[in-house]
Each structure stands twice: as C-alpha cells, then as structure tokens.
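Next comes query.cif, a file with mmCIF, C-alpha atoms.
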data_query
#
loop_
_atom_site.label_atom_id
_atom_site.label_comp_id
_atom_site.auth_asym_id
_atom_site.auth_seq_id
_atom_site.Cartn_x
_atom_site.Cartn_y
_atom_site.Cartn_z
CA MET O 162 69.39 174.84 125.78
CA PRO O 163 69.96 178.64 125.98
CA ARG O 164 68.16 180.85 128.49
CA GLY O 165 66.49 178.02 130.30
CA ARG O 166 63.80 177.26 127.69
CA LYS O 167 62.46 173.73 127.79
CA LYS O 168 62.39 171.81 124.54
CA THR O 169 58.64 171.56 124.13
CA ALA O 170 58.41 172.27 120.40
CA VAL O 171 59.64 168.86 119.38
CA HIS O 172 58.93 165.45 120.83
CA ARG O 173 62.20 163.63 120.42
CA LYS O 174 62.30 160.20 118.93
CA ALA O 175 64.00 157.61 121.07
CA GLY O 176 66.30 155.12 119.40
CA HIS O 177 64.00 152.32 118.41
CA ARG O 178 66.39 149.52 117.46
CA ALA O 179 67.23 146.78 119.93
CA ASP O 180 70.77 146.66 121.22
CA GLY O 181 73.09 144.88 118.82
CA ALA O 182 70.50 144.75 116.05
CA GLY O 183 72.50 146.98 113.73
CA THR O 184 71.32 148.69 110.54
CA ALA O 185 72.21 148.30 106.91
CA ALA O 186 74.49 151.31 107.08
CA ALA O 187 76.23 149.94 110.17
CA GLN O 188 76.67 146.55 108.51
CA VAL O 189 78.28 148.21 105.53
CA GLN O 190 80.55 150.09 107.93
CA ALA O 191 81.64 146.80 109.46
CA ALA O 192 82.40 145.29 106.06
CA THR O 193 84.47 148.24 104.86
CA GLY O 194 86.07 149.26 108.16
CA ALA O 195 85.16 152.87 107.37
CA GLY O 196 83.71 155.29 109.95
CA THR O 197 80.19 156.52 109.46
CA ALA O 198 79.09 160.13 109.97
CA ALA O 199 75.77 158.94 111.29
CA GLY O 200 77.41 157.83 114.56
CA GLN O 201 79.12 154.78 115.96
CA LEU O 202 76.69 151.97 115.30
CA GLN O 203 76.86 148.31 116.22
CA SER O 204 76.89 145.83 113.34
CA THR O 205 76.65 142.16 112.56
CA THR O 206 78.14 140.04 109.80
CA ASP O 207 77.71 136.46 108.74
CA ASP O 208 81.42 135.69 108.51
CA ALA O 209 84.15 137.22 110.69
CA GLU O 210 86.85 136.31 108.18
CA GLU O 211 86.51 137.96 104.78
CA PRO O 212 88.81 137.68 101.78
CA ALA O 213 91.62 140.20 101.80
CA ALA O 214 90.32 141.59 98.51
CA ALA O 215 87.41 143.18 100.39
CA GLU O 216 89.79 145.76 101.87
CA ASP O 217 90.30 147.16 98.40
CA ALA O 218 86.60 147.60 97.66
CA PRO O 219 85.51 151.17 98.51
CA GLU O 220 82.01 150.98 97.04
CA LEU O 221 79.05 150.36 99.30
CA ALA O 222 77.58 147.98 96.74
CA VAL O 223 80.61 145.72 97.06
CA ALA O 224 80.55 146.00 100.83
CA ALA O 225 76.87 145.13 100.87
CA SER O 226 77.66 141.74 99.34
CA LYS O 227 79.67 140.93 102.48
CA VAL O 228 76.74 141.40 104.87
CA LYS O 229 73.23 140.10 105.11
CA LEU O 230 70.77 142.72 103.85
CA SER O 231 67.08 142.37 103.22
CA LYS O 232 65.91 142.65 99.63
CA THR O 233 64.50 146.10 100.41
CA GLU O 234 67.74 147.32 101.98
CA ALA O 235 69.76 145.97 99.07
CA ALA O 236 67.47 147.73 96.60
CA VAL O 237 67.76 151.04 98.46
CA LEU O 238 71.54 150.65 98.68
CA ALA O 239 71.73 150.07 94.93
CA GLU O 240 69.60 153.15 94.34
CA ILE O 241 71.91 155.24 96.51
CA GLN O 242 74.92 153.91 94.60
CA ALA O 243 73.35 154.92 91.30
CA SER O 244 72.35 158.38 92.55
CA SER O 245 74.24 161.66 92.37
CA ALA O 246 74.97 161.63 96.11
CA PRO O 247 78.67 162.04 96.97
CA GLU O 248 80.23 158.89 98.34
CA SER O 249 80.94 160.68 101.63
CA ASP O 250 77.17 161.17 102.14
CA ARG O 251 75.95 157.70 101.23
CA ASP O 252 76.29 156.10 104.65
CA ILE O 253 74.24 158.93 106.20
CA ILE O 254 71.59 158.65 103.48
CA MET O 255 71.38 154.89 103.97
CA GLU O 256 70.92 155.36 107.73
CA LEU O 257 68.18 157.94 107.12
CA CYS O 258 66.42 155.50 104.80
CA THR O 259 66.64 152.72 107.37
CA THR O 260 65.34 154.73 110.34
CA ASN O 261 62.58 156.40 108.31
CA GLY O 262 61.41 153.19 106.67
CA ILE O 263 62.18 154.50 103.20
CA THR O 264 62.06 151.86 100.48
CA SER O 265 62.66 154.13 97.48
CA LEU O 266 64.56 157.40 97.11
CA THR O 267 62.17 158.63 94.45
CA ALA O 268 59.04 157.92 96.48
CA ALA O 269 60.03 159.26 99.92
CA LYS O 270 58.09 162.34 101.03
CA ALA O 271 59.38 162.91 104.58
CA ILE O 272 62.64 162.56 106.51
CA ASP O 273 63.02 162.97 110.28
CA CYS O 274 66.40 163.00 112.00
CA PHE O 275 66.51 163.56 115.76
CA PHE O 276 69.33 161.54 117.27
CA PHE O 277 72.27 160.96 114.90
CA GLY O 278 74.51 163.96 115.56
CA VAL O 279 74.81 164.56 111.81
CA PRO O 280 77.69 166.99 111.10
CA ARG O 281 76.15 168.40 107.91
CA ILE O 282 73.07 168.09 105.73
CA PRO O 283 73.78 165.25 103.30
CA HIS O 284 72.80 165.36 99.64
CA LEU O 285 69.04 165.13 100.24
CA SER O 286 68.34 166.25 96.68
CA VAL O 287 68.27 162.56 95.74
CA PHE O 288 64.84 162.46 97.45
CA ILE O 289 63.07 164.35 94.68
CA LYS O 290 59.56 164.17 96.19
CA LEU O 291 60.35 165.35 99.71
CA THR O 292 57.75 167.66 101.20
CA ARG O 293 59.01 167.60 104.82
CA VAL O 294 62.48 167.52 106.37
CA LYS O 295 63.06 167.60 110.15
CA LEU O 296 66.65 167.89 111.34
CA VAL O 297 66.72 168.59 115.07
CA ASP O 298 69.59 168.66 117.58
CA GLN O 299 72.36 168.07 115.04
CA MET O 300 75.82 169.58 114.50
CA ILE O 301 74.79 171.27 111.25
CA GLU O 302 76.42 174.65 110.56
CA ARG O 303 75.08 175.46 107.07
CA ILE O 304 71.85 175.15 105.13
CA GLU O 305 72.88 173.10 102.09
CA GLY O 306 72.26 169.82 100.29
CA LEU O 307 68.60 170.60 99.57
CA ASP O 308 68.82 172.18 96.12
CA GLY O 309 66.69 169.60 94.31
CA CYS O 310 63.96 169.43 96.96
CA VAL O 311 61.71 171.89 95.14
CA ASN O 312 58.52 170.36 96.55
CA LEU O 313 59.51 171.06 100.13
CA GLN O 314 56.67 172.50 102.22
CA GLU O 315 58.02 172.09 105.75
CA LEU O 316 61.65 172.45 106.84
CA TRP O 317 63.14 172.11 110.32
CA ILE O 318 66.82 172.77 111.01
CA ALA O 319 66.61 173.44 114.73
CA GLU O 320 68.78 173.16 117.84
CA SER O 321 71.87 173.14 115.65
CA LYS O 322 74.68 175.57 114.76
CA ILE O 323 73.27 177.45 111.78
CA LYS O 324 74.74 180.95 111.57
CA LYS O 325 73.11 182.26 108.39
CA ILE O 326 69.79 181.87 106.59
CA GLU O 327 70.83 180.95 103.06
CA ASN O 328 70.23 178.66 100.07
CA LEU O 329 66.45 178.68 100.42
CA SER O 330 65.46 180.56 97.25
CA ALA O 331 64.42 177.39 95.36
CA PHE O 332 61.76 176.47 97.91
CA THR O 333 58.96 178.67 96.63
CA ALA O 334 56.33 176.22 97.93
CA LEU O 335 57.66 176.27 101.49
CA LYS O 336 54.95 176.99 104.06
CA LYS O 337 56.63 176.21 107.40
CA LEU O 338 60.21 177.04 108.38
CA TYR O 339 61.67 176.25 111.81
CA LEU O 340 65.17 177.58 112.50
CA TYR O 341 64.91 178.03 116.26
CA SER O 342 67.81 177.49 118.67
CA ASN O 343 70.67 178.23 116.30
CA GLN O 344 73.25 181.02 116.07
CA ILE O 345 71.53 183.23 113.49
CA THR O 346 72.29 186.96 113.82
CA ARG O 347 70.25 188.42 110.95
CA ILE O 348 66.92 187.82 109.22
CA GLU O 349 67.74 187.40 105.53
CA GLY O 350 67.49 185.01 102.60
CA LEU O 351 63.70 184.75 102.70
CA GLY O 352 62.86 186.90 99.69
CA GLU O 353 61.60 184.04 97.51
CA LEU O 354 59.52 182.36 100.21
CA THR O 355 56.27 184.16 99.44
CA GLU O 356 54.06 181.23 100.52
CA LEU O 357 55.53 181.03 104.01
CA GLU O 358 52.88 180.83 106.72
CA VAL O 359 54.84 179.75 109.82
CA LEU O 360 58.30 181.05 110.76
CA TRP O 361 60.17 180.21 113.97
CA LEU O 362 63.42 182.08 114.61
CA SER O 363 63.33 181.95 118.41
CA GLU O 364 66.44 181.48 120.54
CA ASN O 365 68.93 182.97 118.11
CA ARG O 366 71.01 186.15 118.20
CA ILE O 367 68.85 188.40 116.05
CA ARG O 368 68.97 192.10 116.90
CA LYS O 369 66.64 193.62 114.31
CA LEU O 370 63.29 192.84 112.68
CA GLN O 371 63.91 193.19 108.97
CA ASN O 372 63.69 191.55 105.53
CA LEU O 373 60.22 190.08 106.04
CA GLY O 374 58.66 192.05 103.20
CA ALA O 375 57.87 188.97 101.10
CA GLN O 376 56.15 187.09 103.94
CA LYS O 377 52.71 188.68 103.60
CA ASN O 378 51.02 185.31 104.14
CA LEU O 379 52.57 184.71 107.57
CA THR O 380 50.05 183.63 110.19
CA GLU O 381 52.54 182.61 112.90
CA LEU O 382 55.84 184.26 113.82
CA ASN O 383 58.03 183.23 116.75
CA ILE O 384 61.02 185.50 117.42
CA ALA O 385 61.23 184.91 121.18
CA GLN O 386 64.53 184.88 123.07
CA ASN O 387 66.54 187.09 120.74
CA ASP O 388 68.14 190.53 121.19
CA ILE O 389 65.41 192.67 119.61
CA GLU O 390 64.78 196.08 121.19
CA PHE O 391 62.57 197.81 118.62
CA ILE O 392 59.49 196.76 116.66
CA GLY O 393 58.35 200.01 115.04
CA LYS O 394 56.56 199.46 111.72
CA SER O 395 58.59 196.38 110.81
CA LEU O 396 55.59 194.03 111.05
CA ASP O 397 52.85 196.32 109.75
CA HIS O 398 52.58 194.50 106.41
CA LEU O 399 51.89 191.13 108.09
CA GLN O 400 48.15 191.61 108.10
CA HIS O 401 47.41 187.87 108.19
CA LEU O 402 49.44 187.36 111.37
CA ASN O 403 47.40 185.51 113.96
CA SER O 404 50.10 184.41 116.44
CA LEU O 405 53.19 186.35 117.52
CA ASN O 406 55.77 185.53 120.19
CA VAL O 407 58.25 188.27 121.09
CA SER O 408 58.86 187.15 124.68
CA GLY O 409 62.36 187.14 126.10
CA ASN O 410 63.54 190.11 124.03
CA PRO O 411 64.86 193.35 125.58
CA ILE O 412 61.98 195.40 124.14
CA ALA O 413 62.89 199.02 124.85
CA THR O 414 59.51 200.45 125.90
CA LEU O 415 55.81 199.62 126.05
CA ASN O 416 55.37 201.95 123.10
CA GLU O 417 57.03 199.29 120.95
CA ILE O 418 54.31 196.82 121.92
CA ALA O 419 51.68 199.41 121.01
CA HIS O 420 52.80 199.18 117.37
CA LEU O 421 51.31 195.68 117.28
CA SER O 422 47.80 197.10 117.56
CA ARG O 423 47.96 197.67 113.81
CA LEU O 424 47.94 193.90 113.22
CA ARG O 425 44.19 193.45 112.93
CA LYS O 426 44.12 189.63 112.82
CA LEU O 427 46.50 189.13 115.74
CA ARG O 428 44.83 186.93 118.35
CA HIS O 429 47.72 185.29 120.20
CA LEU O 430 50.50 187.49 121.56
CA ARG O 431 53.30 186.56 123.96
CA ILE O 432 55.49 189.39 125.25
#
Translate this file's structure into structure tokens.
Amino acid sequence: MPRGRKKTAVHRKAGHRADGAGTAAAQVQAATGAGTAAGQLQSTTDDAEEPAAAEDAPELAVAASKVKLSKTEAAVLAEIQASSAPESDRDIIMELCTTNGITSLTAAKAIDCFFFGVPRIPHLSVFIKLTRVKLVDQMIERIEGLDGCVNLQELWIAESKIKKIENLSAFTALKKLYLYSNQITRIEGLGELTELEVLWLSENRIRKLQNLGAQKNLTELNIAQNDIEFIGKSLDHLQHLNSLNVSGNPIATLNEIAHLSRLRKLRHLRI
C-alpha cells in the first residue's frame, strides 16, 4: 500500500470455503472447461466422463446440468441466464451470489467483494435493489457496470486501479463514497451527488481541491496522502463538515490550515 499506510479502513474477509469444496461458479467452470474471471477455483463433478456433446454447449444453464447444484444455486443460475448480463460476466456474478449468500438477483441489497481479484466491475445492474456495493483490493480500472443501481447509498471501489471518477451521475441517493487507494488525479464527476455525506479520496494523486460545490451535505471528507498544496476557500461551502483529514499532503504553509477555521462545525481535523 502506498506511503506506508496500514489498511485499517476495511477488515478483509478471509476465504470461508473449505479446501476442495468448490462453488457453483467453479463447478460450471469445470463442466465447460472455460476460465473464470473470478479466479482459479477448485471444482467437483459427479461424473468425470461427460458426453462429447457437452463441449459444444456454451450456456451456463446447460453446463449446470452436468454438475450437482442445490435448488437455490440452480434457481440463481437460471435467473442470471435470463438476465441482461453479458455472458462474459455471468461466472463472476454467480460467484458473487454464492459468496454473498444471494438467493435472488431482484432481492439482493448488498454485495461485498474482497478477495477475488476481479478485473472489472461486472454487470451489477441486474441487482436492481442494491443499496451497498463494496469492491476492495481488485484490479478494476474503471467505474462501470452500475447504471441500473439507482438505489445505491454506499459505494466502495478502493485499493484498485481507478484513474477517473466517472459514471456516477445516476446515483442521486448515494450517501457514502469510498475511492481511496486508487490512481485518481482529479476531483470530478460528483455534480449529481447532492446527498453525499461521506467522501474518501485518500491515497490518490490529487493535486487540487475542486469540484465539490454540490456536496453541501458532506460531514466527513478524507483527502489524506495526496499532492495537495493549497486549501484556500475551496472548502468554505462545506458548512456541515464535522471530520476532515488532510494529513500526508504537502500543504504549503500554516496559513492554508487557517482557512479551515471558517468551517464552524468541524470537530475532527487531521493535518
């Protein structure tokens, strides 16, 4: 992690499946012979020798008939097959359902992903009732795949490779946004997020405080470990701000810190 900061913001989830247990997505992988973007997973099948015709069956629903799935897993798999998710995303979505205990795409309200090494955000719009998404320590480079998640209130895409804040305008109900430990160089793309209360942009490559005009309801802002030298009047409108972390920035002078005295509700300051 950059600049020696310990990962205290997130308690990582350890893999909780026993060795060799396998998941529904991994079993499907074994039946089709296809790689899965969710990682190399062990799998089990009931019959090592399958009819040659199975090699010509690309659909997960067909593959599922070759492995032993629970009724719940089979129902979720069928729901994924009938959804608008691209075929290339379905194995990842199935793995997310398995590890999060999701039994219905349309009922799921939260998804956590801490240990897969996911290369991109899959088509999470199939989870129409999501209110929280946590994607931490992944290989994700872009914010995408969330267009239909209009009920989202909390979003984490942290410790990844995000370079730009984008594609967030639909999330007008979003209250908490965590984009720390990425490769972001500019604060932007937040204009529609007027309900935002918590924003973490620490450990990025941001050089300037800007484009926070719509965030008048912010109570917590973490911009530690960036390349910010000047504060000026850039935060004056954040009159509900209670907690601010600007530590680890090359703040030019103590006069810059003095500007923060205009934030009347500020109670917790780290410099």
List the residues selected by the PyMOL selection byres ((chain O and resi 366) around 9) in the file shown, writing them as a PDB file with C-alpha atoms, in the coordinates of the input.
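Written file, result29.pdb:
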ATOM      1  CA  ASN O 343      70.670 178.230 116.300  1.00  0.00           C
ATOM      2  CA  GLN O 344      73.250 181.020 116.070  1.00  0.00           C
ATOM      3  CA  ILE O 345      71.530 183.230 113.490  1.00  0.00           C
ATOM      4  CA  THR O 346      72.290 186.960 113.820  1.00  0.00           C
ATOM      5  CA  ARG O 347      70.250 188.420 110.950  1.00  0.00           C
ATOM      6  CA  SER O 363      63.330 181.950 118.410  1.00  0.00           C
ATOM      7  CA  GLU O 364      66.440 181.480 120.540  1.00  0.00           C
ATOM      8  CA  ASN O 365      68.930 182.970 118.110  1.00  0.00           C
ATOM      9  CA  ILE O 367      68.850 188.400 116.050  1.00  0.00           C
ATOM     10  CA  ARG O 368      68.970 192.100 116.900  1.00  0.00           C
ATOM     11  CA  GLN O 386      64.530 184.880 123.070  1.00  0.00           C
ATOM     12  CA  ASN O 387      66.540 187.090 120.740  1.00  0.00           C
ATOM     13  CA  ASP O 388      68.140 190.530 121.190  1.00  0.00           C
ATOM     14  CA  ILE O 389      65.410 192.670 119.610  1.00  0.00           C
TER      15      ILE O 389
END
Response to the item:
Computed gap from CA of Ala334 (chain O) to CA of Ser244 (chain O) is 24.6 Å
Residues selected by the PyMOL selection byres ((chain O and resi 233) around 10), written as a PDB file with C-alpha atoms, keeping the file's coordinate frame:
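Final output, saved to expr_6.pdb:
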ATOM      1  CA  LEU O 230      70.770 142.720 103.850  1.00  0.00           C
ATOM      2  CA  SER O 231      67.080 142.370 103.220  1.00  0.00           C
ATOM      3  CA  LYS O 232      65.910 142.650  99.630  1.00  0.00           C
ATOM      4  CA  GLU O 234      67.740 147.320 101.980  1.00  0.00           C
ATOM      5  CA  ALA O 235      69.760 145.970  99.070  1.00  0.00           C
ATOM      6  CA  ALA O 236      67.470 147.730  96.600  1.00  0.00           C
ATOM      7  CA  VAL O 237      67.760 151.040  98.460  1.00  0.00           C
ATOM      8  CA  LEU O 238      71.540 150.650  98.680  1.00  0.00           C
ATOM      9  CA  ALA O 239      71.730 150.070  94.930  1.00  0.00           C
ATOM     10  CA  THR O 259      66.640 152.720 107.370  1.00  0.00           C
ATOM     11  CA  GLY O 262      61.410 153.190 106.670  1.00  0.00           C
ATOM     12  CA  ILE O 263      62.180 154.500 103.200  1.00  0.00           C
ATOM     13  CA  THR O 264      62.060 151.860 100.480  1.00  0.00           C
ATOM     14  CA  SER O 265      62.660 154.130  97.480  1.00  0.00           C
TER      15      SER O 265
END
Practice prompt. Tell me, as a ChimeraX atom specification, which residues lie within 10 Å of Glu356 (chain O), counting only C-alpha atoms; anything in the same chain fewer than 3 positions away does not count.
Written response: /O:314,332-337,353,359,375-379
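Take CA of Gly350 (chain O) and CA of Ile318 (chain O): the distance between them is 14.9 Å.
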Item to complete: Determine the residue set returned by the PyMOL selection byres ((chain O and resi 370) around 7) for the present structure, and present it as a VMD selection string.
Response: chain O and resid 369 371 392 395
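Using all atoms listed in the file for every distance, the candidate list O:Gly352, O:Gly374, O:Gly306, O:Gly409 yields O:Gly306 as the residue closest to Leu285 (chain O).
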Item to complete: Identify which of the residues O:Leu307, O:Leu354, O:Val279, O:Met300 lies closest to Asp252 (chain O), counting all atoms listed in the file when measuring atom-to-atom distances.
Response: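 Among O:Leu307, O:Leu354, O:Val279, O:Met300, it is O:Val279 that comes nearest to Asp252 (chain O).
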Worksheet item: Leu415 (chain O): which residues within 12 Å, counting only C-alpha atoms, same-chain residues fewer than 4 positions away excluded, as a ChimeraX atom specification?
Response: /O:390-393,411,419-422,432
Worksheet item: CA of Phe275 (chain O) to CA of Ile301 (chain O): how many Å, to one decimal?
Response: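 Going from CA of Phe275 (chain O) over to CA of Ile301 (chain O), I get 12.2 Å.
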Item to complete: Please provide the set of residues having any atom within 10 Å of Arg303 (chain O), restricted to only C-alpha atoms, with same-chain residues fewer than 2 positions apart removed, written as number ranges by chain.
Response: O: 280-282, 300-301, 305-306, 318, 321-328
Worksheet item: Which residue gives the smallest distance to Asn261 (chain O) among O:Val294, O:Ile289, O:Ala385, O:Ala243, with all atoms listed in the file counted?
Response: O:Val294
Worksheet item: Out of O:Cys258, O:Ile412, O:Ile384, O:Leu373, which residue has the shortest atom-to-atom distance to His398 (chain O) when counting only C-alpha atoms?
Response: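 Of the candidates, the smallest distance to His398 (chain O) is held by O:Leu373.
Applying the 10 Å criterion to (46.1, 186.9, 116.9) in file coordinates and using only C-alpha atoms, one obtains the residues Thr380, Glu381, His401, Leu402, Asn403, Ser404, Leu405, Leu424, Arg425, Lys426, Leu427, Arg428, His429 and Leu430 of chain O.
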Discussion item. Need to verify the contact set: Asp273 (chain O), 10 Å, only C-alpha atoms, exclusion of same-chain residues closer than 5 positions in sequence. Can you return it as an NGL selection string?
Written reply: :O and (174 or 257-258 or 260-261 or 293-297 or 317)
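Each of O:Leu399, O:Ile418, O:Ile241, O:Leu362 was compared to Ile254 (chain O) using only C-alpha atoms, and O:Ile241 turns out to be the nearest.
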